[in-house]
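**Q** Structure provided below as C-alpha cells; questions to follow.
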Amino acid sequence: MLRREPRSVVATEVVGPYTLLRVERGSIDPGRPGQFFMLEAPGRLLPRPMSLALAPPRELAFLIDPIGQGTRALCTLEAGDRIGVLGPLGNGFDLEVERPLLVGGGIGVAPLPYLSEQLGGPPAVLGFRTSWHAEAAELVPNAEVVLEPTYVTEAMHGGHDVLACGPEPMLEAVRRLTLHAQLAWEAPMACGYGACYGCAVEIDGELKRLCVEGPVLAAA
Ligand SMILES: Cc1cc2nc3c(=O)[nH]c(=O)nc-3n(C[C@H](O)[C@H](O)[C@H](O)COP(=O)(O)OP(=O)(O)OC[C@H]3O[C@@H](n4cnc5c(N)ncnc54)[C@H](O)[C@@H]3O)c2cc1C
Ligand code: FES
C-alpha cells in the first residue's frame with residue numbers, strides 16, 4: 001500500500017533554468033524509468049507529479065521546471081526542508097528493447113537520465129529552445145543536442161526503438177514518424193493514483209486515466 005512519506009531535501013542544484021531537487025530516499029522504491037512521484041511542497045494544497053530523473057545511492061532526484069506556483073515552491077526548497085513524497089506511480093518505459101534511442105524535448109528530458117542509466121547509455125537526441133535550457137543535456141550521456149528552429153524529429157535516426165518524453169506536439173511528431181515508440185505523456189494530475197479522474201484523456205474513443213494507464217503509452 002503506497003502512502004505519502006515525509007522526506008528531507010538533501011540538496012538542490014541549478015541546471016540551466018531548471019532545478020535538480022535531491023531528496024533522501026529511505027525505503028522508497030525508485031521504480032522504473034518513466035514512473036512518477038507526487039511531490040508535496042510545504043504550503044501547497046495539491047502535490048505535483050514529477051518523473052524520477054536520477055536515483056543516486058540513498059537519494060531520489062527530480063529535475064523541475066519552475067513554470068507555476070507549485071513548481072516554484074519545489075524549486076525554492078533548501079537542504080533540510082521536509083517534503084511529502086508519494087510513489088512510484090503509473091506505468092514506466094518497457095526496457096526490453098533491442099535498439100533504444102532516447103528522444104526528449106525541453107523539461108521532457110527529466111526521466112531520461114535514469115532511463116539512460118538503466119539501458120546502459122544508449123544514444124539520445126534532445127531538443128531545447130536555447131543553449132541555457134540545453135544545459136540539462138549534461139545529465140544524459142551520449143546525447144546529440146539540437147536547438148530551435150531545428151526539431152528533434154529532424155535529428156532522429158531510423159531503425160531504433162524510440163523512447164520519448166516531451167511536449168505534446170513533439171510526441172505527436174514522433175508518433176507520425178514511428179509507431180514503434182513508447183511515449184511519456186502529461187496531463188494535470190491531482191491525486192496520481194486513479195481516484196480523481198483529473199488526468200482522464202480519450203484514447204481510441206475510451207476515457208483513460210493517464211496516471212494509471214500511463215504516463216508511458218505505446219505510440220501504436
Ligand atoms: C507524469 C508527469 C510527470 C511530470 N514530470 C515532470 C518533471 O519531471 N519535471 C517537471 O518540471 N514537470 C513535470 N511534470 C509537469 C509538472 O507536474 C507541472 O508542470 C506542474 O504540476 C505544474 O504545477 P505548477 O503549480 O507549477 O503550475 P500551475 O500553476 O499548476 O500551472 C502552470 C501552467 O502549466 C499548465 N500545466 C500544469 N500542469 C500541467 C501538465 N501536467 N501538463 C500540461 N500543462 C500543465 C497549467 O495549465 C498552466 O498553464 C510532469 C507531469 C506529469 C503528469
Ligand atoms: S490524477 Fe487522479 S485519476 Fe489520475
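Going by the C-alpha cells order, chains are called A, B, ..., each with residues numbered from 1, while ligands are numbered from 1 in the order shown.
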Using only C-alpha atoms and all ligand atoms, find each residue with an atom at most 7 Å away from ligand 2 and format the answer as JSON, numbers by chain.

**A** {"A": [189, 190, 191, 192, 193, 194, 195, 196, 197, 198, 199, 200, 209, 210, 211, 212]}

**Q** The selected residues should be written to file as an mmCIF file, in the first residue's frame (atoms: N, CA and C atoms).

**A**
```cif
data_model
loop_
_atom_site.group_PDB
_atom_site.id
_atom_site.type_symbol
_atom_site.label_atom_id
_atom_site.label_comp_id
_atom_site.auth_asym_id
_atom_site.auth_seq_id
_atom_site.Cartn_x
_atom_site.Cartn_y
_atom_site.Cartn_z
ATOM 1 N N MET A 189 -2.530 16.498 -12.962
ATOM 2 C CA MET A 189 -2.900 15.395 -12.070
ATOM 3 C C MET A 189 -3.093 15.907 -10.647
ATOM 4 N N ALA A 190 -4.207 15.515 -10.023
ATOM 5 C CA ALA A 190 -4.460 15.947 -8.647
ATOM 6 C C ALA A 190 -4.108 14.853 -7.638
ATOM 7 N N CYS A 191 -4.429 13.581 -7.967
ATOM 8 C CA CYS A 191 -4.156 12.522 -6.980
ATOM 9 C C CYS A 191 -2.953 11.668 -7.390
ATOM 10 N N GLY A 192 -2.883 11.266 -8.655
ATOM 11 C CA GLY A 192 -1.751 10.461 -9.135
ATOM 12 C C GLY A 192 -1.973 8.962 -9.046
ATOM 13 N N TYR A 193 -3.124 8.525 -8.478
ATOM 14 C CA TYR A 193 -3.329 7.078 -8.329
ATOM 15 C C TYR A 193 -4.736 6.602 -8.732
ATOM 16 N N GLY A 194 -5.394 7.369 -9.598
ATOM 17 C CA GLY A 194 -6.637 6.867 -10.183
ATOM 18 C C GLY A 194 -7.931 7.287 -9.511
ATOM 19 N N ALA A 195 -7.881 8.139 -8.479
ATOM 20 C CA ALA A 195 -9.084 8.442 -7.713
ATOM 21 C C ALA A 195 -9.878 9.648 -8.214
ATOM 22 N N CYS A 196 -9.228 10.621 -8.868
ATOM 23 C CA CYS A 196 -9.923 11.893 -9.125
ATOM 24 C C CYS A 196 -10.376 12.073 -10.576
ATOM 25 N N TYR A 197 -9.892 11.290 -11.512
ATOM 26 C CA TYR A 197 -10.182 11.394 -12.944
ATOM 27 C C TYR A 197 -9.740 12.731 -13.544
ATOM 28 N N GLY A 198 -8.900 13.491 -12.816
ATOM 29 C CA GLY A 198 -8.418 14.781 -13.322
ATOM 30 C C GLY A 198 -7.526 14.616 -14.540
ATOM 31 N N CYS A 199 -6.951 13.426 -14.703
ATOM 32 C CA CYS A 199 -5.978 13.217 -15.790
ATOM 33 C C CYS A 199 -6.569 12.417 -16.934
ATOM 34 N N ALA A 200 -7.925 12.265 -16.954
ATOM 35 C CA ALA A 200 -8.539 11.404 -17.969
ATOM 36 C C ALA A 200 -8.353 11.987 -19.365
ATOM 37 N N ARG A 209 -7.385 7.002 -17.541
ATOM 38 C CA ARG A 209 -6.650 7.831 -16.585
ATOM 39 C C ARG A 209 -5.158 7.682 -16.878
ATOM 40 N N LEU A 210 -4.551 8.802 -17.235
ATOM 41 C CA LEU A 210 -3.141 8.761 -17.627
ATOM 42 C C LEU A 210 -2.236 8.341 -16.462
ATOM 43 N N CYS A 211 -2.664 8.628 -15.229
ATOM 44 C CA CYS A 211 -1.815 8.269 -14.077
ATOM 45 C C CYS A 211 -1.810 6.764 -13.838
ATOM 46 N N VAL A 212 -2.822 6.047 -14.366
ATOM 47 C CA VAL A 212 -2.908 4.602 -14.161
ATOM 48 C C VAL A 212 -2.482 3.859 -15.428
#
```

**Q** Could you pull out all residues of stretch 62-108 of chain A with a DSSP call of helix (DSSP H, G or I) and give them as a list in words?

**A**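 Answer for stretch 62-108 of chain A restricted to helix (DSSP H, G or I) is Gln69, Gly70, Thr71, Arg72, Ala73, Leu74, Cys75, Gly106, Ile107 and Gly108 of chain A.
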
**Q** So, with only C-alpha atoms as the atoms that count, which of A:Pro215, A:Gly31, A:Gly105, A:Gly87 lies closest to A:Ala173?

**A**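 Among A:Pro215, A:Gly31, A:Gly105, A:Gly87, it is A:Gly105 that comes nearest to A:Ala173.
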
**Q** Contacts of A:Glu117 at 10 Å or less, counting only C-alpha atoms, minus same-chain residues fewer than 5 places along, as a ChimeraX atom specification?

**A** /A:33,54-55,112,122,140-141

**Q** Taking only residues of chain A that have an atom at most 6 Å from an atom of ligand 1, what is each one's shortest atom pair and its distance in Å to one decimal, using only C-alpha atoms and all ligand atoms, in chain and number order, as JSON lines?

**A**
```
{"residue": "A:Phe36", "atom": "CA", "partner": "ligand 1", "partner_atom_place_in_ligand_line": "1 (C)", "distance": 5.5}
{"residue": "A:Arg48", "atom": "CA", "partner": "ligand 1", "partner_atom_place_in_ligand_line": "21 (O)", "distance": 4.4}
{"residue": "A:Pro49", "atom": "CA", "partner": "ligand 1", "partner_atom_place_in_ligand_line": "17 (O)", "distance": 4.2}
{"residue": "A:Met50", "atom": "CA", "partner": "ligand 1", "partner_atom_place_in_ligand_line": "5 (N)", "distance": 3.5}
{"residue": "A:Ser51", "atom": "CA", "partner": "ligand 1", "partner_atom_place_in_ligand_line": "8 (O)", "distance": 3.9}
{"residue": "A:Phe62", "atom": "CA", "partner": "ligand 1", "partner_atom_place_in_ligand_line": "8 (O)", "distance": 5.9}
{"residue": "A:Leu63", "atom": "CA", "partner": "ligand 1", "partner_atom_place_in_ligand_line": "9 (N)", "distance": 5.2}
{"residue": "A:Ile64", "atom": "CA", "partner": "ligand 1", "partner_atom_place_in_ligand_line": "11 (O)", "distance": 3.5}
{"residue": "A:Asp65", "atom": "CA", "partner": "ligand 1", "partner_atom_place_in_ligand_line": "11 (O)", "distance": 3.8}
{"residue": "A:Pro66", "atom": "CA", "partner": "ligand 1", "partner_atom_place_in_ligand_line": "26 (O)", "distance": 5.9}
{"residue": "A:Ile67", "atom": "CA", "partner": "ligand 1", "partner_atom_place_in_ligand_line": "26 (O)", "distance": 4.9}
{"residue": "A:Gly68", "atom": "CA", "partner": "ligand 1", "partner_atom_place_in_ligand_line": "26 (O)", "distance": 3.1}
{"residue": "A:Gln69", "atom": "CA", "partner": "ligand 1", "partner_atom_place_in_ligand_line": "25 (O)", "distance": 4.3}
{"residue": "A:Gly70", "atom": "CA", "partner": "ligand 1", "partner_atom_place_in_ligand_line": "25 (O)", "distance": 3.2}
{"residue": "A:Thr71", "atom": "CA", "partner": "ligand 1", "partner_atom_place_in_ligand_line": "26 (O)", "distance": 3.6}
{"residue": "A:Arg72", "atom": "CA", "partner": "ligand 1", "partner_atom_place_in_ligand_line": "26 (O)", "distance": 5.9}
{"residue": "A:Ile107", "atom": "CA", "partner": "ligand 1", "partner_atom_place_in_ligand_line": "11 (O)", "distance": 5.8}
{"residue": "A:Ala110", "atom": "CA", "partner": "ligand 1", "partner_atom_place_in_ligand_line": "8 (O)", "distance": 4.7}
{"residue": "A:Glu186", "atom": "CA", "partner": "ligand 1", "partner_atom_place_in_ligand_line": "53 (C)", "distance": 4.0}
{"residue": "A:Ala187", "atom": "CA", "partner": "ligand 1", "partner_atom_place_in_ligand_line": "41 (N)", "distance": 4.1}
{"residue": "A:Pro188", "atom": "CA", "partner": "ligand 1", "partner_atom_place_in_ligand_line": "41 (N)", "distance": 3.8}
{"residue": "A:Met189", "atom": "CA", "partner": "ligand 1", "partner_atom_place_in_ligand_line": "53 (C)", "distance": 5.9}
{"residue": "A:Pro215", "atom": "CA", "partner": "ligand 1", "partner_atom_place_in_ligand_line": "1 (C)", "distance": 5.4}
```

**Q** Go through A:Val15, A:Val103, A:Leu207, A:Ala181 one by one, measure the shortest atom-to-atom distance of each to A:Ser131 using only C-alpha atoms, and give the residue with the smallest value.

**A**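 Among the listed residues, the smallest separation from A:Ser131 belongs to A:Val15.
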
**Q** Using only C-alpha atoms, pick whichever of A:Ala79, A:Ile28, A:Val9, A:Ala184 has the shortest atom-to-atom distance to A:Gly108.

**A**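 Answer, going by the shortest atom-to-atom distance: A:Ala184.
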
**Q** One number please: atom CA of A:Ser8 to atom CA of A:Gly84, in Å, one decimal.

**A** 8.8 Å

**Q** Please determine, counting only C-alpha atoms, which residue among A:Arg99, A:Thr19, A:Ala11, A:Pro88 has the shortest atom-to-atom distance to A:Glu59.

**A**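 Result for the nearest residue to A:Glu59: A:Ala11.
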
**Q** How far is it from atom CA of A:Ile83 to atom CA of A:Pro42, in Å with one decimal?

**A**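 Result for atom CA of A:Ile83 versus atom CA of A:Pro42: 6.6 Å, one decimal.
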
**Q** Which residue out of A:Glu5, A:Glu213, A:Glu168, A:Glu96 has the minimum interatomic distance to A:Gly26 when only C-alpha atoms are used?

**A**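 For A:Gly26, the nearest of the candidates is A:Glu5.
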
**Q** Per DSSP on the backbone, what are the strand (DSSP E or B) residues of chain A, as a PyMOL selection string?

**A** chain A and resi 5-15+18-24+36-40+48-51+54+59-64+82-89+91+100-105+124-128+143-147+161-165+181-184+200-203+206-209+215-218
